[in-house]
Structures are given as structure tokens and as C-alpha cells.
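Chemist: Structure file work_8.cif, mmCIF, C-alpha atoms, is pasted below:
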```cif
data_entry
#
loop_
_atom_site.label_atom_id
_atom_site.label_comp_id
_atom_site.auth_asym_id
_atom_site.auth_seq_id
_atom_site.Cartn_x
_atom_site.Cartn_y
_atom_site.Cartn_z
CA MET A 234 76.00 59.47 63.24
CA PRO A 235 74.23 56.08 63.16
CA PRO A 236 70.72 55.88 64.70
CA ASP A 237 71.74 53.74 67.70
CA THR A 238 74.32 56.39 68.64
CA LYS A 239 71.60 59.01 68.79
CA ILE A 240 69.57 56.81 71.11
CA THR A 241 72.59 56.37 73.36
CA LEU A 242 73.10 60.12 73.56
CA MET A 243 69.45 60.87 74.29
CA ASN A 244 68.83 58.14 76.86
CA LYS A 245 70.88 59.84 79.55
CA ASP A 246 69.48 57.86 82.48
CA ALA A 247 70.69 54.49 81.31
CA THR A 248 73.59 54.94 78.93
CA PRO A 249 76.61 52.68 79.28
CA ALA A 250 78.67 55.86 79.64
CA ASP A 251 77.03 56.79 82.92
CA PRO A 252 79.61 55.24 85.26
CA ILE A 253 82.20 57.33 83.45
CA LEU A 254 80.17 60.56 83.62
CA CYS A 255 79.53 59.94 87.31
CA ALA A 256 83.24 59.59 88.00
CA ILE A 257 84.11 62.87 86.27
CA ARG A 258 84.21 65.91 88.53
CA PHE A 259 83.00 68.67 86.22
CA ASP A 260 83.81 72.22 87.33
CA PRO A 261 81.09 74.73 88.31
CA ASP A 262 80.66 75.56 84.60
CA GLY A 263 80.05 71.88 83.84
CA LEU A 264 83.41 71.48 82.11
CA VAL A 265 86.43 69.23 82.48
CA PRO A 266 89.85 69.76 80.88
CA ALA A 267 90.87 67.12 78.33
CA ILE A 268 94.45 66.58 77.20
CA ALA A 269 94.84 65.09 73.72
CA GLN A 270 97.92 62.93 73.21
CA GLN A 271 98.92 61.16 70.00
CA HIS A 272 98.53 57.53 71.06
CA ASP A 273 101.63 56.06 69.43
CA THR A 274 104.24 58.81 69.69
CA GLY A 275 103.25 60.33 73.06
CA GLU A 276 103.17 63.85 71.59
CA VAL A 277 100.89 66.12 73.63
CA LEU A 278 98.78 67.78 70.96
CA MET A 279 96.49 70.21 72.79
CA MET A 280 94.29 70.79 75.79
CA ALA A 281 90.65 71.77 75.54
CA TRP A 282 87.43 71.40 77.50
CA MET A 283 84.52 68.98 77.47
CA ASN A 284 81.03 69.10 78.94
CA ARG A 285 78.89 66.01 79.62
CA GLU A 286 77.51 66.01 76.10
CA ALA A 287 80.98 66.23 74.54
CA VAL A 288 82.18 63.28 76.63
CA LEU A 289 79.17 61.18 75.62
CA GLU A 290 79.45 62.07 71.96
CA THR A 291 83.20 61.37 71.91
CA LEU A 292 82.69 57.93 73.49
CA ALA A 293 79.78 57.12 71.20
CA THR A 294 81.37 58.23 67.93
CA GLN A 295 85.08 57.73 68.73
CA ARG A 296 85.64 61.15 67.17
CA VAL A 297 86.75 63.77 69.67
CA CYS A 298 84.20 66.47 70.40
CA TYR A 299 85.08 69.32 72.77
CA PHE A 300 83.07 72.20 74.17
CA SER A 301 84.19 75.60 72.88
CA ARG A 302 84.07 78.12 75.72
CA SER A 303 84.38 81.06 73.31
CA ARG A 304 81.55 79.86 71.07
CA ASN A 305 79.59 78.26 73.93
CA ALA A 306 78.84 75.26 71.75
CA LEU A 307 79.99 71.73 71.01
CA TRP A 308 83.16 71.77 68.95
CA ARG A 309 83.54 68.72 66.76
CA LYS A 310 87.27 68.81 66.20
CA GLY A 311 87.99 68.65 62.48
CA GLU A 312 84.46 69.50 61.36
CA THR A 313 85.69 72.68 59.65
CA SER A 314 89.34 71.87 59.05
CA GLY A 315 89.16 68.16 58.30
CA GLN A 316 91.79 67.57 61.00
CA PHE A 317 89.84 64.99 63.00
CA GLN A 318 90.92 63.33 66.23
CA HIS A 319 90.07 59.64 66.40
CA LEU A 320 89.70 58.40 69.96
CA LYS A 321 91.75 55.35 70.87
CA GLU A 322 91.26 55.51 74.63
CA MET A 323 89.85 57.85 77.26
CA ARG A 324 91.48 57.96 80.69
CA LEU A 325 90.50 59.78 83.88
CA ASP A 326 92.88 60.97 86.56
CA CYS A 327 92.92 60.11 90.26
CA ASP A 328 90.82 63.11 91.29
CA GLY A 329 88.40 62.71 88.39
CA ASP A 330 88.93 66.28 87.26
CA THR A 331 91.09 65.79 84.14
CA LEU A 332 90.73 63.58 81.08
CA LEU A 333 93.55 62.19 78.97
CA LEU A 334 92.52 61.33 75.42
CA LEU A 335 94.74 58.99 73.47
CA VAL A 336 93.99 59.82 69.87
CA HIS A 337 95.08 59.54 66.32
CA GLN A 338 95.34 63.07 64.97
CA ASP A 339 94.65 63.59 61.28
CA GLY A 340 97.06 66.24 59.97
CA VAL A 341 97.62 68.99 62.52
CA ALA A 342 96.01 69.66 65.90
CA CYS A 343 96.71 73.39 66.14
CA HIS A 344 94.64 76.07 64.45
CA THR A 345 97.93 77.81 63.53
CA GLY A 346 98.74 74.87 61.25
CA ARG A 347 101.29 73.34 63.60
CA ARG A 348 101.17 69.68 64.57
CA ASN A 349 100.63 70.56 68.25
CA CYS A 350 99.69 73.70 70.16
CA PHE A 351 102.74 73.80 72.46
CA PHE A 352 105.15 75.43 70.03
CA ARG A 353 106.42 78.19 72.33
CA SER A 354 109.19 77.33 74.77
CA ALA A 355 110.52 79.38 77.70
CA LYS A 356 114.25 79.92 77.20
CA ASP A 357 116.33 82.43 79.12
CA GLY A 358 113.27 84.34 80.25
CA LYS A 359 111.72 84.62 76.78
CA LEU A 360 109.39 82.56 74.65
CA ILE A 361 110.84 81.14 71.46
CA GLU A 362 109.01 79.30 68.72
CA ILE A 363 110.19 75.73 68.36
CA ALA A 364 107.92 74.55 65.53
CA ALA A 365 106.78 76.03 62.24
CA PRO A 366 103.33 75.62 60.67
CA LEU A 367 102.99 72.59 58.41
CA ILE A 368 100.02 74.15 56.65
CA SER A 369 98.64 77.71 56.59
CA PRO A 370 95.53 78.54 58.63
CA GLU A 371 94.00 79.86 55.40
CA ALA A 372 94.45 76.44 53.81
CA LEU A 373 92.85 74.86 56.90
CA TYR A 374 89.92 77.21 57.30
CA GLY A 375 89.90 79.63 54.40
CA ARG A 376 89.98 82.48 56.94
CA SER A 377 91.46 83.62 60.26
CA HIS A 378 90.33 81.26 63.03
CA SER A 379 90.69 80.64 66.71
CA HIS A 380 89.71 77.25 68.07
CA GLY A 381 88.36 78.60 71.36
CA MET B 288 116.25 78.35 97.78
CA PRO B 289 119.48 80.32 97.11
CA PRO B 290 119.44 84.09 97.91
CA ASP B 291 119.57 85.24 94.27
CA THR B 292 116.45 83.20 93.54
CA LYS B 293 114.59 85.10 96.23
CA ILE B 294 115.59 88.40 94.67
CA THR B 295 114.36 87.22 91.29
CA LEU B 296 111.01 86.25 92.76
CA MET B 297 110.56 89.53 94.60
CA ASN B 298 111.65 91.87 91.83
CA LYS B 299 108.50 91.32 89.83
CA ASP B 300 108.81 94.41 87.64
CA ALA B 301 112.04 93.40 85.98
CA THR B 302 112.39 89.64 86.17
CA PRO B 303 113.56 87.80 83.09
CA ALA B 304 110.37 85.72 83.40
CA ASP B 305 108.14 88.67 82.67
CA PRO B 306 107.72 88.10 78.92
CA ILE B 307 106.56 84.59 79.78
CA LEU B 308 104.11 85.74 82.46
CA CYS B 309 102.73 88.35 80.07
CA ALA B 310 102.07 85.70 77.42
CA ILE B 311 100.15 83.45 79.82
CA ARG B 312 96.40 83.99 79.91
CA PHE B 313 95.56 83.24 83.52
CA ASP B 314 91.90 82.49 84.24
CA PRO B 315 89.72 84.79 86.40
CA ASP B 316 91.10 83.02 89.50
CA GLY B 317 94.64 83.81 88.37
CA LEU B 318 95.39 80.19 87.47
CA VAL B 319 96.58 78.31 84.40
CA PRO B 320 96.47 74.53 83.88
CA ALA B 321 99.86 72.85 83.62
CA ILE B 322 100.36 69.38 82.13
CA ALA B 323 103.41 67.50 83.41
CA GLN B 324 104.99 65.11 80.93
CA GLN B 325 108.03 62.91 81.54
CA HIS B 326 110.52 64.49 79.15
CA ASP B 327 112.14 61.34 77.75
CA THR B 328 109.31 58.80 77.63
CA GLY B 329 106.40 61.11 76.77
CA GLU B 330 104.29 59.73 79.65
CA VAL B 331 101.67 62.25 80.74
CA LEU B 332 102.06 62.26 84.51
CA MET B 333 99.44 64.67 85.83
CA MET B 334 97.67 67.97 85.37
CA ALA B 335 97.57 70.66 88.02
CA TRP B 336 97.31 74.44 88.28
CA MET B 337 99.78 77.30 88.60
CA ASN B 338 99.43 80.93 89.58
CA ARG B 339 101.96 83.63 88.68
CA GLU B 340 104.10 82.93 91.71
CA ALA B 341 104.20 79.18 90.98
CA VAL B 342 105.32 79.85 87.38
CA LEU B 343 108.06 82.22 88.57
CA GLU B 344 109.28 79.87 91.28
CA THR B 345 109.29 76.88 88.91
CA LEU B 346 111.35 78.79 86.34
CA ALA B 347 113.72 80.14 88.99
CA THR B 348 114.32 76.88 90.85
CA GLN B 349 113.73 74.34 88.05
CA ARG B 350 111.65 72.39 90.56
CA VAL B 351 107.96 72.29 89.73
CA CYS B 352 105.73 74.26 92.06
CA TYR B 353 101.96 74.26 91.55
CA PHE B 354 99.13 76.12 93.24
CA SER B 355 96.84 73.87 95.27
CA ARG B 356 93.24 74.99 94.81
CA SER B 357 92.06 72.90 97.78
CA ARG B 358 94.70 74.28 100.12
CA ASN B 359 94.79 77.73 98.48
CA ALA B 360 98.57 77.76 98.72
CA LEU B 361 101.70 77.08 96.73
CA TRP B 362 102.29 73.36 96.37
CA ARG B 363 105.93 72.47 95.98
CA LYS B 364 105.58 69.06 94.37
CA GLY B 365 107.63 66.53 96.35
CA GLU B 366 108.06 68.68 99.44
CA THR B 367 106.18 66.16 101.58
CA SER B 368 106.62 62.97 99.56
CA GLY B 369 110.12 63.44 98.18
CA GLN B 370 108.73 62.81 94.68
CA PHE B 371 110.07 65.97 93.06
CA GLN B 372 109.52 67.10 89.50
CA HIS B 373 112.62 68.60 87.89
CA LEU B 374 111.79 71.03 85.11
CA LYS B 375 113.49 70.39 81.79
CA GLU B 376 111.40 72.76 79.67
CA MET B 377 108.25 74.87 79.96
CA ARG B 378 106.06 75.33 76.89
CA LEU B 379 103.00 77.49 76.30
CA ASP B 380 100.20 76.72 73.89
CA CYS B 381 98.90 78.81 70.99
CA ASP B 382 96.19 80.51 73.04
CA GLY B 383 98.46 81.06 76.03
CA ASP B 384 96.04 79.33 78.37
CA THR B 385 97.78 76.00 78.98
CA LEU B 386 101.33 75.09 80.02
CA LEU B 387 103.18 71.91 79.13
CA LEU B 388 105.97 71.04 81.56
CA LEU B 389 108.61 68.62 80.38
CA VAL B 390 109.99 67.17 83.60
CA HIS B 391 111.97 64.44 85.17
CA GLN B 392 109.74 62.83 87.78
CA ASP B 393 111.42 61.35 90.84
CA GLY B 394 109.56 58.17 91.78
CA VAL B 395 105.81 58.53 91.30
CA ALA B 396 103.70 61.52 90.31
CA CYS B 397 100.36 60.38 91.75
CA HIS B 398 99.39 60.67 95.40
CA THR B 399 97.93 57.15 95.13
CA GLY B 400 101.45 55.82 94.62
CA ARG B 401 101.05 55.24 90.90
CA ARG B 402 103.56 56.55 88.40
CA ASN B 403 100.94 58.79 86.75
CA CYS B 404 97.47 59.98 87.67
CA PHE B 405 95.66 58.66 84.58
CA PHE B 406 95.25 55.06 85.71
CA ARG B 407 91.51 54.71 84.99
CA SER B 408 90.48 53.87 81.44
CA ALA B 409 87.00 53.95 79.90
CA LYS B 410 86.24 50.51 78.48
CA ASP B 411 82.78 49.32 77.44
CA GLY B 412 81.09 52.08 79.38
CA LYS B 413 82.97 51.48 82.62
CA LEU B 414 86.20 52.66 84.18
CA ILE B 415 88.85 50.04 84.73
CA GLU B 416 92.16 50.44 86.53
CA ILE B 417 95.12 49.96 84.24
CA ALA B 418 97.97 50.56 86.69
CA ALA B 419 98.71 49.47 90.24
CA PRO B 420 100.44 51.56 92.90
CA LEU B 421 104.22 51.22 92.97
CA ILE B 422 104.32 52.44 96.56
CA SER B 423 101.65 52.86 99.22
CA PRO B 424 100.35 56.36 100.02
CA GLU B 425 101.26 55.67 103.64
CA ALA B 426 104.87 55.12 102.65
CA LEU B 427 104.74 58.36 100.65
CA TYR B 428 103.05 60.57 103.22
CA GLY B 429 102.63 58.60 106.41
CA ARG B 430 98.89 59.29 106.22
CA SER B 431 95.93 59.63 103.87
CA HIS B 432 96.53 62.46 101.44
CA SER B 433 95.01 64.28 98.50
CA HIS B 434 97.24 66.43 96.35
CA GLY B 435 94.54 69.02 95.63
#
```
Starting from the file, give its structure as C-alpha cells.
Modeler:
Amino acid sequence: MPPDTKITLMNKDATPADPILCAIRFDPDGLVPAIAQQHDTGEVLMMAWMNREAVLETLATQRVCYFSRSRNALWRKGETSGQFQHLKEMRLDCDGDTLLLLVHQDGVACHTGRRNCFFRSAKDGKLIEIAAPLISPEALYGRSHSHG
Amino acid sequence: MPPDTKITLMNKDATPADPILCAIRFDPDGLVPAIAQQHDTGEVLMMAWMNREAVLETLATQRVCYFSRSRNALWRKGETSGQFQHLKEMRLDCDGDTLLLLVHQDGVACHTGRRNCFFRSAKDGKLIEIAAPLISPEALYGRSHSHG
């Protein structure tokens, strides 16, 4: 991260991201759901959560950073797997309580090795898998992993 | 709602939707976020919440029904505005905690009269509007309205 980015993240009272943070209605846990969509194909890749810090870091670095509820920590998507999400645009909905991230996804978004996380479809009262992994989780992480 | 649909909704121990309900990880409030995407264009229309009953009703009727957190009641999308969402497919993500609804949206999805709810974009530290209403909220509802 370049030095000026760090300054932007630390100077929380006067960052250019403030009008955006102020418009976001974070939930009582300080989180907001963020939908990641591949910017050119429209594929919905995943949904995860962001806190204020994750929003600021994502805007400052243009690399998507979530907040992992299971690990209770910032989750820099791709840091372990190399499957980064490059932010093209961040949008906010009418109520201010959901983000839509238009991204370019390197490789696969899902920790199972599939391109997107929505690979189970309800058909005739059951769930069927509609996509196979493109890469094994072991190849992605070297071990069993949940992205929280 | 046809009579057989009612029976399906009431007979909760043996509905064909049960394997789907069992796979969904509802949050402590009994809710799961559901992303609505226009099935043919890929446009992300909105995000809202469902409880068990909303999932069952949506699958049974193929008309999207959410749960309104502000009104604490089922929210049959389009019931007031006529802007129904017709379910084409319901998908569940890898962790079971987010739904993706592929729908056909009648008219507009957003209570502001815009086609989708994500009409504010973060640019240079500010939010700018990138879409205008296609219809006035008054024409949709006859009064000021929030879709909760």
C-alpha cells in the first residue's frame, strides 16, 4: 500500500470517502452486505460483508477487502489464494444498506474453486449443483478453507 | 393463491421445499439475504431479506415474497405497486447464507421508481446518481413509500 493511501485510511475525519461512509447504513454490528458482480459479464460472484475500514481500504486500494465475521478480521480477498477482486465501481442502494461492487475477478471467487458461490440451484424441491470446481481448494489454499 | 399452494405451505414437515430450507443458514433473526437479478440481462435489481415462510411461498407461487424487517411482515413484492418479480430460478451460495434469485422484473424494482436500487455510484469520494426514475413513486404507490 503506498504511503498516501495509509494517510487516507488514518485521517478518518477528513477523508474523501466520508460522504460515502456517511451514506452507508451499517447494521448494529457495524457491517453492510456487499454483492460482488463481474463488471463485464454481469455474473454475480459472491456476497460478503464490509465494515467501515473495509469500505475505506477497498476504495483506497481498488482491491476488494471484506470483513470476515467468522475470523472477526479484515479479509483481503485473494491475499491467501491469489484470486483478487479488482474494484471497478462501488454502488450503494436506495436505502443505503447494501453495496454492489463491480469487479474484475482474478480466477475464481468461491473458496470451493468454482467461479462463483451460487452453484446450487433449487429444482423440484431439491438443490442440484450446476457448476463444477475449476480448481481444487487444495490448489487454492493448500488446505481445507472456509472464506467466512 | 390456489388451494394446493396453501396445503404445501402449511404442511411444513413434508414439503418438497424442505431440503432447500434445511440447506439455508438463516441468521439469528431467522432471515437470509436474497439478491434479485434480472435473469436475462444480469442486472442486479435489489437485495432484501427472506424468512422461511417467504422462501416457501416464493418457491410455491413463483412470485417473489420477501420479509420486510421494518414492517415485520411478509412483503409480497408488487402487491401494492404492481411491479411483481417472477421467479425463474433460486440459487444458494456455498455457505448457505445468501440466496440469488433469477427473476423477471415487471416494470421497476426500486421504490424510487428506478429500474434497480443501485443508482448511486462512488466517484472521487462522493456519491453520484447514475440513473433517473422511470416512474414517480406517487404513480407507483399513490404516496411516499419505503420498501423496508
Chemist: To test your reading of the syntax: which residues would the PyMOL selection byres ((chain B and resi 416) around 6) return for the file shown? Reply as a PyMOL selection string.
Modeler: chain B and resi 406-407+415+417-418
Chemist: Based on only C-alpha atoms, which of the residues in chain B come within 10 Å of chain A? I want them as a VMD selection string.
Modeler: chain B and resid 302 to 308 310 320 to 322 324 328 to 335 346 to 347 376 to 388 397 to 399 401 403 to 417 433 to 435
Chemist: On this structure, which residues satisfy the PyMOL selection byres ((chain B and resi 341) around 10), written as an MDAnalysis selection string?
Modeler: chainID B and resid 296 318 336:340 342:347 351:354 360:363
Chemist: Give me, please, the distance in Å between CA of Ser314 (chain A) and CA of Leu373 (chain A), quoted to one decimal.
Modeler: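 Between these atoms lies a distance of 5.1 Å.
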Chemist: Which is closer to Arg302 (chain A) than all the others in A:Ala342, A:Cys255, A:Ala372, A:Gly263, using all atoms listed in the file?
Modeler: A:Gly263
Chemist: Rounded to one decimal, what separation in Å do you get between CA of Arg348 (chain A) and CA of Asp273 (chain A)?
Modeler: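 Separating CA of Arg348 (chain A) from CA of Asp273 (chain A) is a distance of 14.5 Å.
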Chemist: In Å, rounded to a single decimal, give me how far CA of Ser423 (chain B) is from CA of Gly369 (chain B).
Modeler: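 Atom-to-atom, CA of Gly369 (chain B) and CA of Ser423 (chain B) are spaced 13.6 Å apart.
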Chemist: With the file shown as input, list the residues that the PyMOL selection byres ((chain A and resi 338) around 7) selects, as JSON, numbers by chain.
Modeler: {"A": [271, 316, 317, 318, 319, 336, 337, 339, 340, 341, 342]}
Chemist: Extract region 283-333 of chain A from the coordinates I pasted, and write it as a PDB file, in the first residue's frame (atoms kept: C-alpha atoms).
Modeler:
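Full text of part-v3.pdb as output:
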```pdb
ATOM      1  CA  MET A 283     -17.785  -4.973   4.941  1.00  0.00           C
ATOM      2  CA  ASN A 284     -17.155  -2.729   7.918  1.00  0.00           C
ATOM      3  CA  ARG A 285     -16.120   0.935   7.656  1.00  0.00           C
ATOM      4  CA  GLU A 286     -12.454   0.046   7.435  1.00  0.00           C
ATOM      5  CA  ALA A 287     -13.052  -2.485   4.648  1.00  0.00           C
ATOM      6  CA  VAL A 288     -15.003   0.088   2.629  1.00  0.00           C
ATOM      7  CA  LEU A 289     -12.242   2.679   3.041  1.00  0.00           C
ATOM      8  CA  GLU A 290      -9.476   0.239   2.186  1.00  0.00           C
ATOM      9  CA  THR A 291     -11.345  -1.054  -0.871  1.00  0.00           C
ATOM     10  CA  LEU A 292     -11.882   2.482  -2.193  1.00  0.00           C
ATOM     11  CA  ALA A 293      -8.297   3.484  -1.459  1.00  0.00           C
ATOM     12  CA  THR A 294      -6.593   0.428  -2.945  1.00  0.00           C
ATOM     13  CA  GLN A 295      -9.179  -0.634  -5.566  1.00  0.00           C
ATOM     14  CA  ARG A 296      -8.684  -4.174  -4.290  1.00  0.00           C
ATOM     15  CA  VAL A 297     -11.736  -5.583  -2.551  1.00  0.00           C
ATOM     16  CA  CYS A 298     -11.373  -6.061   1.188  1.00  0.00           C
ATOM     17  CA  TYR A 299     -14.227  -7.587   3.194  1.00  0.00           C
ATOM     18  CA  PHE A 300     -14.737  -8.173   6.892  1.00  0.00           C
ATOM     19  CA  SER A 301     -14.761 -11.846   7.862  1.00  0.00           C
ATOM     20  CA  ARG A 302     -17.424 -12.437  10.503  1.00  0.00           C
ATOM     21  CA  SER A 303     -16.014 -15.872  11.361  1.00  0.00           C
ATOM     22  CA  ARG A 304     -12.461 -14.593  11.804  1.00  0.00           C
ATOM     23  CA  ASN A 305     -13.553 -11.171  13.101  1.00  0.00           C
ATOM     24  CA  ALA A 306     -10.901  -9.513  10.971  1.00  0.00           C
ATOM     25  CA  LEU A 307     -10.386  -7.736   7.669  1.00  0.00           C
ATOM     26  CA  TRP A 308     -10.384 -10.206   4.808  1.00  0.00           C
ATOM     27  CA  ARG A 309      -8.321  -9.056   1.865  1.00  0.00           C
ATOM     28  CA  LYS A 310      -9.861 -11.170  -0.847  1.00  0.00           C
ATOM     29  CA  GLY A 311      -7.132 -13.052  -2.693  1.00  0.00           C
ATOM     30  CA  GLU A 312      -4.434 -12.493  -0.078  1.00  0.00           C
ATOM     31  CA  THR A 313      -4.134 -16.244   0.532  1.00  0.00           C
ATOM     32  CA  SER A 314      -5.479 -17.659  -2.722  1.00  0.00           C
ATOM     33  CA  GLY A 315      -4.216 -15.101  -5.217  1.00  0.00           C
ATOM     34  CA  GLN A 316      -7.783 -14.729  -6.512  1.00  0.00           C
ATOM     35  CA  PHE A 317      -8.026 -10.952  -6.143  1.00  0.00           C
ATOM     36  CA  GLN A 318     -11.046  -8.790  -6.865  1.00  0.00           C
ATOM     37  CA  HIS A 319     -10.199  -5.517  -8.580  1.00  0.00           C
ATOM     38  CA  LEU A 320     -12.775  -2.821  -7.933  1.00  0.00           C
ATOM     39  CA  LYS A 321     -14.185  -1.099 -10.994  1.00  0.00           C
ATOM     40  CA  GLU A 322     -17.076   0.685  -9.297  1.00  0.00           C
ATOM     41  CA  MET A 323     -18.846   0.762  -5.937  1.00  0.00           C
ATOM     42  CA  ARG A 324     -22.593   1.415  -5.848  1.00  0.00           C
ATOM     43  CA  LEU A 325     -24.977   1.933  -2.943  1.00  0.00           C
ATOM     44  CA  ASP A 326     -28.653   1.076  -2.931  1.00  0.00           C
ATOM     45  CA  CYS A 327     -31.624   3.350  -2.273  1.00  0.00           C
ATOM     46  CA  ASP A 328     -31.798   2.550   1.441  1.00  0.00           C
ATOM     47  CA  GLY A 329     -28.032   2.732   1.897  1.00  0.00           C
ATOM     48  CA  ASP A 330     -27.893  -0.719   3.429  1.00  0.00           C
ATOM     49  CA  THR A 331     -26.393  -2.779   0.581  1.00  0.00           C
ATOM     50  CA  LEU A 332     -23.325  -2.296  -1.608  1.00  0.00           C
ATOM     51  CA  LEU A 333     -22.880  -3.534  -5.155  1.00  0.00           C
TER      52      LEU A 333
END
```
